[in-house]
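Coordinates as given in protein-v4.cif (mmCIF, C-alpha atoms):
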data_target
#
loop_
_atom_site.label_atom_id
_atom_site.label_comp_id
_atom_site.auth_asym_id
_atom_site.auth_seq_id
_atom_site.Cartn_x
_atom_site.Cartn_y
_atom_site.Cartn_z
CA MET A 1 0.00 0.00 0.00
CA SER A 2 3.01 2.31 0.39
CA ILE A 3 3.09 2.91 -3.37
CA ILE A 4 -0.25 4.78 -3.31
CA SER A 5 -0.62 8.25 -1.85
CA ILE A 6 -3.94 10.11 -1.50
CA GLN A 7 -4.26 13.69 -0.23
CA ASN A 8 -7.67 15.13 0.49
CA ASN A 9 -6.81 18.78 -0.15
CA LEU A 10 -4.67 18.36 -3.25
CA GLY A 11 -7.30 19.65 -5.68
CA LEU A 12 -6.75 16.62 -7.95
CA PRO A 13 -9.38 13.89 -8.42
CA LYS A 14 -8.51 10.88 -6.30
CA TYR A 15 -8.57 8.45 -9.21
CA LYS A 16 -5.87 10.58 -10.87
CA GLN A 17 -3.83 10.53 -7.64
CA ILE A 18 -3.92 6.73 -7.79
CA ILE A 19 -2.72 6.82 -11.41
CA LEU A 20 0.11 9.21 -10.58
CA SER A 21 1.09 7.07 -7.59
CA VAL A 22 1.38 3.94 -9.72
CA GLU A 23 3.33 5.82 -12.42
CA LYS A 24 5.73 7.22 -9.79
CA ALA A 25 6.23 3.78 -8.25
CA ILE A 26 7.09 2.35 -11.67
CA ASP A 27 9.44 5.24 -12.52
CA GLU A 28 11.22 4.80 -9.16
CA GLU A 29 11.36 1.01 -9.74
CA LYS A 30 9.27 0.26 -6.67
CA LEU A 31 7.01 -1.58 -9.11
CA LYS A 32 8.48 -3.76 -11.84
CA LYS A 33 7.00 -5.62 -14.77
CA GLY A 34 4.87 -8.50 -13.48
CA ASP A 35 4.42 -7.06 -9.97
CA ARG A 36 0.95 -7.14 -8.48
CA LEU A 37 -0.83 -3.91 -7.56
CA PRO A 38 -2.78 -3.50 -4.31
CA SER A 39 -6.25 -4.97 -4.70
CA VAL A 40 -9.23 -2.73 -5.31
CA ASN A 41 -10.69 -3.62 -1.92
CA LYS A 42 -7.47 -2.84 -0.05
CA VAL A 43 -7.15 0.58 -1.68
CA CYS A 44 -10.81 1.33 -0.91
CA LEU A 45 -10.40 0.43 2.76
CA ALA A 46 -7.05 2.18 3.22
CA PHE A 47 -8.27 5.52 1.86
CA SER A 48 -12.05 5.32 2.37
CA LEU A 49 -12.67 5.38 -1.39
CA SER A 50 -15.50 3.97 -3.45
CA ARG A 51 -14.82 0.98 -5.69
CA ASP A 52 -15.75 3.09 -8.71
CA THR A 53 -12.93 5.55 -7.95
CA VAL A 54 -10.29 2.82 -7.73
CA LEU A 55 -11.66 0.95 -10.73
CA GLN A 56 -11.61 4.16 -12.78
CA ALA A 57 -7.91 4.60 -12.04
CA TYR A 58 -7.01 0.98 -12.76
CA ASP A 59 -9.15 0.98 -15.89
CA GLU A 60 -7.30 3.99 -17.33
CA LEU A 61 -3.93 2.40 -16.55
CA LYS A 62 -5.17 -0.76 -18.25
CA LYS A 63 -6.28 1.14 -21.37
CA ARG A 64 -2.87 2.78 -21.59
CA GLY A 65 -1.21 -0.65 -21.51
CA ILE A 66 0.55 -0.08 -18.19
CA ILE A 67 -1.31 -2.77 -16.22
CA TYR A 68 -3.44 -5.79 -17.03
CA ALA A 69 -6.04 -7.76 -15.11
CA ILE A 70 -6.25 -11.47 -14.35
CA PRO A 71 -9.86 -12.24 -13.40
CA GLY A 72 -10.10 -13.44 -9.81
CA LYS A 73 -6.44 -12.64 -9.07
CA GLY A 74 -5.92 -8.91 -9.50
CA TYR A 75 -3.99 -6.30 -11.46
CA TYR A 76 -0.35 -6.60 -12.57
CA VAL A 77 2.23 -4.34 -14.18
CA LYS A 78 2.35 -4.96 -17.93
CA SER A 79 4.67 -2.16 -19.06
CA VAL A 80 7.04 0.23 -17.32
CA GLU A 81 6.69 2.82 -20.12
CA THR A 82 4.67 5.46 -18.27
CA SER A 83 5.23 8.21 -20.86
CA ILE A 84 2.49 6.74 -23.07
CA LYS A 85 -0.57 8.77 -22.09
CA GLN A 86 -2.98 7.36 -24.67
CA ARG A 87 -3.32 4.14 -26.66
CA VAL A 88 -5.29 4.44 -29.89
CA PHE A 89 -7.06 1.61 -31.70
CA LEU A 90 -7.15 2.58 -35.40
CA LEU A 91 -9.32 0.38 -37.63
CA PHE A 92 -9.02 0.96 -41.39
CA ASP A 93 -10.83 -0.90 -44.14
CA GLU A 94 -7.76 -1.65 -46.29
CA LEU A 95 -4.24 -0.44 -46.95
CA ASN A 96 -3.88 1.92 -49.90
CA ILE A 97 -2.10 5.17 -50.68
CA PHE A 98 -5.00 7.29 -49.35
CA LYS A 99 -5.07 5.51 -45.99
CA GLU A 100 -1.29 5.79 -45.81
CA ASP A 101 -1.57 9.57 -46.25
CA ILE A 102 -4.14 9.80 -43.43
CA TYR A 103 -2.07 7.53 -41.19
CA ASN A 104 1.22 9.36 -41.75
CA SER A 105 -0.42 12.73 -41.17
CA PHE A 106 -2.08 11.41 -38.01
CA LEU A 107 1.22 10.08 -36.63
CA LYS A 108 3.00 13.32 -37.50
CA ASN A 109 0.51 15.39 -35.51
CA ILE A 110 -0.37 13.08 -32.62
CA GLY A 111 2.97 13.44 -30.78
CA ASN A 112 5.31 10.99 -29.07
CA ASN A 113 3.19 10.18 -26.01
CA VAL A 114 0.46 8.33 -27.92
CA GLN A 115 0.72 4.71 -29.03
CA VAL A 116 -1.22 3.90 -32.20
CA ASP A 117 -2.12 0.30 -33.08
CA ILE A 118 -3.47 -0.10 -36.62
CA PHE A 119 -5.79 -2.86 -37.84
CA PHE A 120 -7.60 -3.67 -41.10
CA HIS A 121 -11.02 -5.30 -41.52
CA HIS A 122 -10.83 -5.67 -45.34
CA PHE A 123 -14.63 -5.20 -45.64
CA ASN A 124 -15.16 -8.44 -43.72
CA VAL A 125 -17.92 -8.10 -41.12
CA PRO A 126 -16.83 -11.01 -38.86
CA VAL A 127 -13.25 -9.67 -38.87
CA PHE A 128 -14.56 -6.16 -38.09
CA LYS A 129 -16.53 -7.46 -35.11
CA LYS A 130 -13.71 -9.63 -33.79
CA LEU A 131 -11.14 -6.85 -33.91
CA ILE A 132 -13.40 -4.48 -31.99
CA ASN A 133 -14.40 -7.14 -29.45
CA ASP A 134 -10.75 -8.07 -28.87
CA GLY A 135 -9.70 -4.43 -28.47
CA ASN A 136 -12.59 -3.35 -26.25
CA GLY A 137 -11.31 -2.10 -22.90
CA ASN A 138 -7.65 -2.01 -23.93
CA TYR A 139 -7.44 1.48 -25.45
CA THR A 140 -8.19 5.07 -24.54
CA ARG A 141 -9.50 5.89 -28.04
CA TYR A 142 -11.13 3.88 -30.83
CA ILE A 143 -10.97 5.32 -34.36
CA ILE A 144 -13.29 3.31 -36.58
CA MET A 145 -13.64 3.35 -40.36
CA PRO A 146 -17.01 1.58 -40.83
CA THR A 147 -17.25 2.13 -44.64
CA ASN A 148 -20.60 0.82 -45.88
CA LEU A 149 -20.61 -2.42 -43.90
CA THR A 150 -24.01 -3.53 -42.62
CA GLY A 151 -24.82 -5.01 -39.23
CA ILE A 152 -21.88 -3.44 -37.39
CA VAL A 153 -23.50 -0.57 -35.49
CA GLU A 154 -24.34 -2.71 -32.46
CA THR A 155 -20.71 -3.84 -32.27
CA ILE A 156 -19.49 -0.23 -32.31
CA LYS A 157 -22.01 0.58 -29.57
CA THR A 158 -20.28 -1.89 -27.23
CA LEU A 159 -17.39 0.60 -27.02
CA PRO A 160 -17.54 3.56 -24.60
CA VAL A 161 -19.37 6.27 -26.54
CA ASN A 162 -16.99 9.02 -25.39
CA GLU A 163 -13.94 7.10 -26.64
CA VAL A 164 -15.03 6.49 -30.27
CA ILE A 165 -14.29 8.59 -33.37
CA ILE A 166 -15.79 7.66 -36.74
CA LEU A 167 -13.49 8.13 -39.73
CA ASP A 168 -14.17 8.73 -43.45
CA GLN A 169 -17.82 7.64 -43.67
CA THR A 170 -20.59 8.13 -41.17
CA ASN A 171 -24.36 7.62 -41.21
CA PRO A 172 -27.43 8.51 -39.09
CA ASP A 173 -26.99 5.39 -36.94
CA LEU A 174 -23.60 6.74 -35.81
CA LYS A 175 -24.64 10.35 -35.21
CA MET A 176 -23.87 10.11 -31.48
CA TYR A 177 -20.15 9.78 -32.20
CA PRO A 178 -17.66 12.49 -33.14
CA ALA A 179 -16.43 12.06 -36.71
CA ILE A 180 -14.14 13.38 -39.41
CA TYR A 181 -15.75 12.32 -42.65
CA GLN A 182 -16.18 12.80 -46.38
CA ASN A 183 -19.56 13.80 -47.81
CA HIS A 184 -19.21 11.69 -50.96
CA GLN A 185 -22.60 12.61 -52.39
CA LYS A 186 -21.92 16.33 -52.07
CA ASP A 187 -18.25 16.05 -53.09
CA ILE A 188 -18.85 14.31 -56.41
CA PHE A 189 -21.81 16.58 -57.26
CA GLU A 190 -19.86 19.77 -56.56
CA GLY A 191 -16.73 18.44 -58.25
CA LEU A 192 -18.63 17.70 -61.46
CA LEU A 193 -20.34 21.07 -61.22
CA LYS A 194 -16.99 22.86 -61.09
CA GLY A 195 -15.91 21.03 -64.23
CA LYS A 196 -19.23 21.48 -66.03
CA LEU A 197 -17.87 23.74 -68.79
CA ARG A 198 -15.39 21.07 -69.88
CA LEU A 199 -17.94 18.29 -69.44
CA GLY A 200 -20.08 19.90 -72.11
CA LYS A 201 -17.91 18.54 -74.92
CA TYR A 202 -18.65 14.92 -73.92
CA LYS A 203 -21.65 12.92 -75.11
CA LYS A 204 -22.02 10.61 -72.15
CA LEU A 205 -20.80 10.45 -68.53
CA ILE A 206 -20.01 6.92 -67.34
CA LEU A 207 -19.47 6.02 -63.68
CA ILE A 208 -17.59 2.76 -63.03
CA PHE A 209 -19.12 1.71 -59.74
CA PRO A 210 -18.62 -1.90 -58.55
CA GLY A 211 -20.60 -0.99 -55.42
CA PHE A 212 -18.76 -3.23 -52.97
CA ARG A 213 -16.14 -0.94 -51.45
CA GLU A 214 -17.20 2.38 -52.92
CA PRO A 215 -19.35 4.74 -50.82
CA LEU A 216 -22.96 4.71 -52.04
CA GLY A 217 -23.06 8.51 -51.85
CA MET A 218 -20.79 8.65 -54.92
CA LYS A 219 -23.44 6.97 -57.05
CA THR A 220 -26.24 9.16 -55.71
CA GLY A 221 -24.27 12.38 -56.24
CA PHE A 222 -23.33 11.34 -59.78
CA GLU A 223 -26.94 10.51 -60.68
CA ASN A 224 -28.22 13.75 -59.17
CA PHE A 225 -25.72 15.84 -61.12
CA CYS A 226 -26.43 14.14 -64.46
CA THR A 227 -30.19 14.39 -63.97
CA GLU A 228 -30.24 18.03 -62.81
CA HIS A 229 -27.86 19.21 -65.55
CA HIS A 230 -29.25 17.04 -68.34
CA PHE A 231 -26.24 14.87 -69.10
CA ASP A 232 -26.68 11.47 -70.73
CA TYR A 233 -25.15 8.99 -68.30
CA GLU A 234 -24.56 5.33 -67.53
CA ILE A 235 -23.42 3.40 -64.46
CA ILE A 236 -21.48 0.19 -64.99
CA THR A 237 -20.15 -2.24 -62.37
CA GLN A 238 -16.95 -3.12 -64.23
CA PHE A 239 -14.97 -1.93 -67.21
CA THR A 240 -13.95 -5.37 -68.50
CA ASP A 241 -15.20 -5.89 -72.10
CA HIS A 242 -16.59 -2.35 -72.16
CA GLU A 243 -15.78 -0.48 -75.36
CA ILE A 244 -14.72 3.16 -75.15
CA ALA A 245 -16.65 5.38 -77.55
CA ILE A 246 -15.49 8.78 -78.75
CA GLY A 247 -17.19 11.37 -76.54
CA ASP A 248 -17.30 9.22 -73.39
CA LEU A 249 -16.27 10.71 -70.05
CA TYR A 250 -15.40 8.16 -67.35
CA VAL A 251 -15.71 8.88 -63.63
CA ILE A 252 -13.54 6.26 -61.92
CA PRO A 253 -13.40 5.67 -58.13
CA ASN A 254 -11.06 2.65 -58.33
CA ASP A 255 -7.47 2.95 -59.54
CA ARG A 256 -7.47 -0.56 -61.02
CA ASP A 257 -10.28 0.50 -63.33
CA LEU A 258 -8.35 3.69 -64.10
CA VAL A 259 -5.42 1.63 -65.37
CA GLY A 260 -7.77 -0.60 -67.38
CA VAL A 261 -9.41 2.36 -69.11
CA ILE A 262 -6.07 3.99 -70.00
CA GLU A 263 -4.64 0.72 -71.35
CA ASN A 264 -7.76 0.04 -73.41
CA ALA A 265 -7.66 3.54 -74.89
CA ARG A 266 -4.01 3.14 -75.89
CA ASN A 267 -4.77 -0.18 -77.57
CA HIS A 268 -7.41 1.58 -79.68
CA ASN A 269 -5.34 4.71 -80.34
CA LEU A 270 -7.80 6.97 -78.51
CA LYS A 271 -6.40 10.25 -77.19
CA LEU A 272 -7.22 11.07 -73.58
CA GLY A 273 -8.68 14.55 -73.15
CA THR A 274 -9.65 14.73 -76.81
CA ASP A 275 -11.44 11.52 -77.87
CA PHE A 276 -12.59 10.66 -74.37
CA GLY A 277 -12.12 11.96 -70.83
CA ILE A 278 -11.40 10.76 -67.31
CA ILE A 279 -12.14 12.06 -63.82
CA SER A 280 -10.53 9.90 -61.15
CA TYR A 281 -11.53 9.83 -57.47
CA ASN A 282 -8.85 10.44 -54.81
CA GLU A 283 -5.67 12.37 -55.46
CA THR A 284 -2.22 10.74 -55.59
CA SER A 285 1.16 12.04 -56.72
CA LEU A 286 1.17 9.65 -59.69
CA LYS A 287 -2.00 11.19 -61.12
CA LYS A 288 -0.11 14.43 -61.63
CA VAL A 289 2.08 12.72 -64.25
CA VAL A 290 0.23 9.62 -65.53
CA ALA A 291 -1.16 10.08 -69.07
CA ASN A 292 -0.07 13.72 -69.01
CA GLY A 293 -2.19 14.43 -65.93
CA ILE A 294 -5.39 12.89 -64.53
CA THR A 295 -8.19 15.15 -63.26
CA THR A 296 -9.33 14.17 -59.77
CA ILE A 297 -12.09 14.79 -57.28
CA SER A 298 -10.49 14.34 -53.90
CA THR A 299 -10.69 15.12 -50.24
CA HIS A 300 -7.57 16.39 -48.48
CA PHE A 301 -6.19 13.31 -46.76
CA GLU A 302 -3.34 15.02 -44.90
CA ALA A 303 -5.82 17.53 -43.48
CA MET A 304 -8.02 14.63 -42.37
CA GLY A 305 -5.14 13.07 -40.43
CA LYS A 306 -4.26 16.39 -38.80
CA ILE A 307 -7.84 17.07 -37.73
CA LEU A 308 -8.12 13.52 -36.41
CA ALA A 309 -5.02 13.98 -34.24
CA ASP A 310 -6.42 17.25 -32.91
CA MET A 311 -9.70 15.54 -31.99
CA VAL A 312 -7.84 12.84 -30.04
CA LEU A 313 -5.50 15.21 -28.21
CA LYS A 314 -8.16 17.76 -27.30
CA GLY A 315 -11.05 15.37 -26.76
CA LYS A 316 -13.24 17.18 -29.27
CA ASN A 317 -16.80 15.95 -29.63
CA GLU A 318 -17.63 17.22 -33.12
CA GLN A 319 -18.69 15.93 -36.52
CA ILE A 320 -16.38 17.54 -39.07
CA GLU A 321 -16.89 17.34 -42.82
CA ASN A 322 -13.49 17.23 -44.53
CA LYS A 323 -13.08 19.47 -47.57
CA SER A 324 -12.93 18.17 -51.13
CA SER A 325 -11.92 19.78 -54.41
CA LEU A 326 -11.71 19.25 -58.16
CA ILE A 327 -8.11 19.21 -59.40
CA MET A 328 -8.23 19.99 -63.13
CA ARG A 329 -5.72 18.34 -65.47
CA ASN A 330 -5.40 17.29 -69.12
CA SER A 331 -7.59 14.16 -68.87
CA LEU A 332 -10.64 16.44 -68.89
#

Let's see the structure in the file written out as structure tokens.
Amino acid sequence: MSIISIQNNLGLPKYKQIILSVEKAIDEEKLKKGDRLPSVNKVCLAFSLSRDTVLQAYDELKKRGIIYAIPGKGYYVKSVETSIKQRVFLLFDELNIFKEDIYNSFLKNIGNNVQVDIFFHHFNVPVFKKLINDGNGNYTRYIIMPTNLTGIVETIKTLPVNEVIILDQTNPDLKMYPAIYQNHQKDIFEGLLKGKLRLGKYKKLILIFPGFREPLGMKTGFENFCTEHHFDYEIITQFTDHEIAIGDLYVIPNDRDLVGVIENARNHNLKLGTDFGIISYNETSLKKVVANGITTISTHFEAMGKILADMVLKGKNEQIENKSSLIMRNSL
């Protein structure tokens, strides 16, 4: 019990005094890895504290990875690295250049006292649920990218509501959580609107939309734009075996389809930006130079990572719509 010190007139919540006491004991090597902490009941009796106060302190230490619990036996020191003030569970859908930009920006802005563990669900609902269930209770923050998966809201709701941030896509079922997100329906509509003068030279707008990974808002925004502005349009699920016609303008969310369209055009001696056009979704450095420049509609991924870090560090409880823009190049 000598490792814990509680002062009634310190002006610091008692659960935080317990945390500081344990950290100090570890830093001074009075507690080592594997050592057992005083039981919840002993701390309660020694300092006339409620169980909730002691459990709150131990729970925060547990979420930071400093201690762990063995049911029926007690709490033990797991790590002697007390400088880590937060542990973040970051769940992405898949690894690609856009997620890498968000991740790198997030790490750059989050600081050295936060541990970030990254996971991927690969659009697999059972994997999504298992990762969240396994991580529940072991982190101070949970950043979740739910994409358009169905049947996962109840799993997210098992996490503490004040510790969750929704990333990239949100929906009305998740409105109780802070979020940094893209408004795909609005972004594609406004992006096409900004390029409307150049779109006028094309006979048909074609969206390649497999519909599995892509946000449904893209399709809705595309349809709304074409209908309101009287463009002939078509939505296809895949480009394979599709024949490019002179006057076609392709809107392409997936980079694999982008490569397929460009290769097909070259095989048929069609000139990009003259015979047909392309608007790709999501900016990358390569699109500045590929095929003499690919026009993109894209959110600002580095800004998203920076805002996300700010939300974690400052505990912001907001829903923030990340900005998007049309980047005009020769493919249009």

Sort by chain and increasing residue number a table of all residues of region 94-127 of chain A within 9 Å of region 142-156 of chain A, each with its closest pair of atoms and their distance in Å to one decimal, counting all atoms listed in the file, and write it as a Markdown table.
| residue | atom | partner | partner_atom | distance |
| --- | --- | --- | --- | --- |
| A:Phe123 | CA | A:Leu149 | CA | 6.8 |
| A:Asn124 | CA | A:Leu149 | CA | 8.1 |
| A:Val125 | CA | A:Leu149 | CA | 6.9 |

Please produce a file of the residues just selected, as a PDB file, keeping the file's coordinate frame, where the atoms kept are C-alpha atoms.
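Just written: out_4.pdb:
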ATOM      1  CA  PHE A 123     -14.630  -5.200 -45.640  1.00  0.00           C
ATOM      2  CA  ASN A 124     -15.160  -8.440 -43.720  1.00  0.00           C
ATOM      3  CA  VAL A 125     -17.920  -8.100 -41.120  1.00  0.00           C
TER       4      VAL A 125
END

### Expansion of the PyMOL selection byres ((chain A and resi 85) around 12) into residues, as a VMD selection string
chain A and resid 19 to 20 23 60 to 66 81 to 84 86 to 88 110 to 116 139 to 141 312 to 313

Kindly assemble as JSON lines a list of the region 106-203 of chain A residues that lie within 10 Å of region 264-282 of chain A, each paired with its nearest atom pair and their distance in Å to one decimal, using only C-alpha atoms, sorted first by chain and then by ascending residue number.
{"residue": "A:Ile188", "atom": "CA", "partner": "A:Tyr281", "partner_atom": "CA", "distance": 8.6}
{"residue": "A:Gly191", "atom": "CA", "partner": "A:Ile279", "partner_atom": "CA", "distance": 9.6}
{"residue": "A:Leu192", "atom": "CA", "partner": "A:Ile279", "partner_atom": "CA", "distance": 8.9}
{"residue": "A:Gly195", "atom": "CA", "partner": "A:Ile279", "partner_atom": "CA", "distance": 9.7}
{"residue": "A:Arg198", "atom": "CA", "partner": "A:Gly277", "partner_atom": "CA", "distance": 9.7}
{"residue": "A:Leu199", "atom": "CA", "partner": "A:Gly277", "partner_atom": "CA", "distance": 8.7}
{"residue": "A:Lys201", "atom": "CA", "partner": "A:Thr274", "partner_atom": "CA", "distance": 9.3}
{"residue": "A:Tyr202", "atom": "CA", "partner": "A:Phe276", "partner_atom": "CA", "distance": 7.4}
{"residue": "A:Lys203", "atom": "CA", "partner": "A:Phe276", "partner_atom": "CA", "distance": 9.4}

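This file, queried with the PyMOL selection byres ((chain A and resi 220) around 10), gives the residues His184, Gln185, Lys186, Ile188, Phe189, Pro215, Leu216, Gly217, Met218, Lys219, Gly221, Phe222, Glu223, Asn224 and Phe225 of chain A.
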
Once 3 Å is added on each side, what centre and edge lengths in Å to one decimal does the axis-aligned box around all listed atoms of region 81-95 of chain A have, as AutoDock Vina command-line options?
--center_x -2.1 --center_y 3.6 --center_z -32.6 --size_x 23.5 --size_y 16.4 --size_z 34.7

### Query
Suppose you want the space between CA of Ser324 (chain A) and CA of Ala303 (chain A); what is it in Å?
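Value for the CA of Ser324 (chain A)-CA of Ala303 (chain A) distance: 10.5 Å.
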
### Message
Could you list, as JSON, numbers by chain, every residue matched by the PyMOL selection byres ((chain A and resi 29) around 12) in this structure?
### Response
{"A": [3, 22, 23, 24, 25, 26, 27, 28, 30, 31, 32, 33, 35, 77, 79, 80, 81, 82]}

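Using all atoms listed in the file for every distance, the candidate list A:Met304, A:Ala69, A:Ile97, A:Leu12 yields A:Ala69 as the residue closest to Val40 (chain A).
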
### Message
I need the residue nearest Ile208 (chain A) from this list: A:Val261, A:Ile307, A:Ile235, A:Ala179. Use all atoms listed in the file for the distance.
### Response
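Nearest to Ile208 (chain A): A:Ile235.
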
### Message
I'd like to know which of A:Lys16, A:Ser21, A:Asn292, A:Pro172 is closest to Ser2 (chain A), using all atoms listed in the file.
### Response
A:Ser21

### Message
I'd like the contact shell of Ile6 (chain A) - 12 Å cut-off, only C-alpha atoms, skipping same-chain residues fewer than 5 positions apart - returned as an NGL selection string.
### Response
:A and (1 or 11-22 or 43-44 or 46-49 or 53-54)

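Interatomic distance, CA of Gly34 (chain A) against CA of Lys78 (chain A): 6.2 Å.
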
Missing atoms of region 317-325 of chain A rebuilt to all heavy atoms, written as a PDB file, keeping the file's coordinate frame:
ATOM      1  N   ASN A 317     -15.592  16.731 -29.374  1.00  0.00           N
ATOM      2  CA  ASN A 317     -16.800  15.950 -29.630  1.00  0.00           C
ATOM      3  C   ASN A 317     -17.579  16.622 -30.757  1.00  0.00           C
ATOM      4  O   ASN A 317     -18.630  17.218 -30.548  1.00  0.00           O
ATOM      5  CB  ASN A 317     -17.645  15.847 -28.365  1.00  0.00           C
ATOM      6  CG  ASN A 317     -18.822  14.900 -28.539  1.00  0.00           C
ATOM      7  OD1 ASN A 317     -18.834  14.074 -29.440  1.00  0.00           O
ATOM      8  ND2 ASN A 317     -19.816  15.044 -27.685  1.00  0.00           N
ATOM      9  N   GLU A 318     -17.037  16.538 -31.971  1.00  0.00           N
ATOM     10  CA  GLU A 318     -17.630  17.220 -33.120  1.00  0.00           C
ATOM     11  C   GLU A 318     -17.765  16.248 -34.295  1.00  0.00           C
ATOM     12  O   GLU A 318     -17.088  15.225 -34.351  1.00  0.00           O
ATOM     13  CB  GLU A 318     -16.747  18.387 -33.572  1.00  0.00           C
ATOM     14  CG  GLU A 318     -16.431  19.410 -32.521  1.00  0.00           C
ATOM     15  CD  GLU A 318     -15.453  20.454 -33.039  1.00  0.00           C
ATOM     16  OE1 GLU A 318     -15.743  21.069 -34.083  1.00  0.00           O
ATOM     17  OE2 GLU A 318     -14.391  20.642 -32.414  1.00  0.00           O
ATOM     18  N   GLN A 319     -18.623  16.624 -35.229  1.00  0.00           N
ATOM     19  CA  GLN A 319     -18.690  15.930 -36.520  1.00  0.00           C
ATOM     20  C   GLN A 319     -18.200  16.920 -37.575  1.00  0.00           C
ATOM     21  O   GLN A 319     -18.851  17.932 -37.822  1.00  0.00           O
ATOM     22  CB  GLN A 319     -20.107  15.451 -36.813  1.00  0.00           C
ATOM     23  CG  GLN A 319     -20.545  14.323 -35.889  1.00  0.00           C
ATOM     24  CD  GLN A 319     -21.683  13.510 -36.466  1.00  0.00           C
ATOM     25  OE1 GLN A 319     -22.384  13.942 -37.359  1.00  0.00           O
ATOM     26  NE2 GLN A 319     -21.862  12.310 -35.948  1.00  0.00           N
ATOM     27  N   ILE A 320     -17.062  16.616 -38.163  1.00  0.00           N
ATOM     28  CA  ILE A 320     -16.380  17.540 -39.070  1.00  0.00           C
ATOM     29  C   ILE A 320     -16.369  16.970 -40.477  1.00  0.00           C
ATOM     30  O   ILE A 320     -15.870  15.863 -40.701  1.00  0.00           O
ATOM     31  CB  ILE A 320     -14.949  17.813 -38.602  1.00  0.00           C
ATOM     32  CG1 ILE A 320     -14.960  18.396 -37.179  1.00  0.00           C
ATOM     33  CG2 ILE A 320     -14.241  18.767 -39.565  1.00  0.00           C
ATOM     34  CD1 ILE A 320     -13.591  18.513 -36.551  1.00  0.00           C
ATOM     35  N   GLU A 321     -16.897  17.749 -41.420  1.00  0.00           N
ATOM     36  CA  GLU A 321     -16.890  17.340 -42.820  1.00  0.00           C
ATOM     37  C   GLU A 321     -15.585  17.817 -43.462  1.00  0.00           C
ATOM     38  O   GLU A 321     -15.310  19.008 -43.510  1.00  0.00           O
ATOM     39  CB  GLU A 321     -18.092  17.949 -43.549  1.00  0.00           C
ATOM     40  CG  GLU A 321     -18.202  17.558 -45.013  1.00  0.00           C
ATOM     41  CD  GLU A 321     -19.426  18.170 -45.686  1.00  0.00           C
ATOM     42  OE1 GLU A 321     -20.528  18.104 -45.078  1.00  0.00           O
ATOM     43  OE2 GLU A 321     -19.279  18.726 -46.796  1.00  0.00           O
ATOM     44  N   ASN A 322     -14.772  16.866 -43.928  1.00  0.00           N
ATOM     45  CA  ASN A 322     -13.490  17.230 -44.530  1.00  0.00           C
ATOM     46  C   ASN A 322     -13.697  17.794 -45.931  1.00  0.00           C
ATOM     47  O   ASN A 322     -14.555  17.343 -46.676  1.00  0.00           O
ATOM     48  CB  ASN A 322     -12.568  16.012 -44.593  1.00  0.00           C
ATOM     49  CG  ASN A 322     -11.109  16.399 -44.613  1.00  0.00           C
ATOM     50  OD1 ASN A 322     -10.667  17.221 -43.811  1.00  0.00           O
ATOM     51  ND2 ASN A 322     -10.333  15.814 -45.521  1.00  0.00           N
ATOM     52  N   LYS A 323     -12.906  18.778 -46.296  1.00  0.00           N
ATOM     53  CA  LYS A 323     -13.080  19.470 -47.570  1.00  0.00           C
ATOM     54  C   LYS A 323     -12.639  18.614 -48.749  1.00  0.00           C
ATOM     55  O   LYS A 323     -11.747  17.781 -48.644  1.00  0.00           O
ATOM     56  CB  LYS A 323     -12.296  20.786 -47.564  1.00  0.00           C
ATOM     57  CG  LYS A 323     -12.826  21.820 -46.575  1.00  0.00           C
ATOM     58  CD  LYS A 323     -12.007  23.102 -46.638  1.00  0.00           C
ATOM     59  CE  LYS A 323     -12.550  24.143 -45.655  1.00  0.00           C
ATOM     60  NZ  LYS A 323     -11.760  25.399 -45.692  1.00  0.00           N
ATOM     61  N   SER A 324     -13.267  18.855 -49.887  1.00  0.00           N
ATOM     62  CA  SER A 324     -12.930  18.170 -51.130  1.00  0.00           C
ATOM     63  C   SER A 324     -12.785  19.216 -52.232  1.00  0.00           C
ATOM     64  O   SER A 324     -13.287  20.334 -52.107  1.00  0.00           O
ATOM     65  CB  SER A 324     -14.043  17.180 -51.505  1.00  0.00           C
ATOM     66  OG  SER A 324     -13.773  16.570 -52.750  1.00  0.00           O
ATOM     67  N   SER A 325     -12.085  18.845 -53.304  1.00  0.00           N
ATOM     68  CA  SER A 325     -11.920  19.780 -54.410  1.00  0.00           C
ATOM     69  C   SER A 325     -11.741  19.034 -55.726  1.00  0.00           C
ATOM     70  O   SER A 325     -11.410  17.847 -55.741  1.00  0.00           O
ATOM     71  CB  SER A 325     -10.719  20.709 -54.166  1.00  0.00           C
ATOM     72  OG  SER A 325      -9.536  19.954 -54.019  1.00  0.00           O
TER      73      SER A 325
END
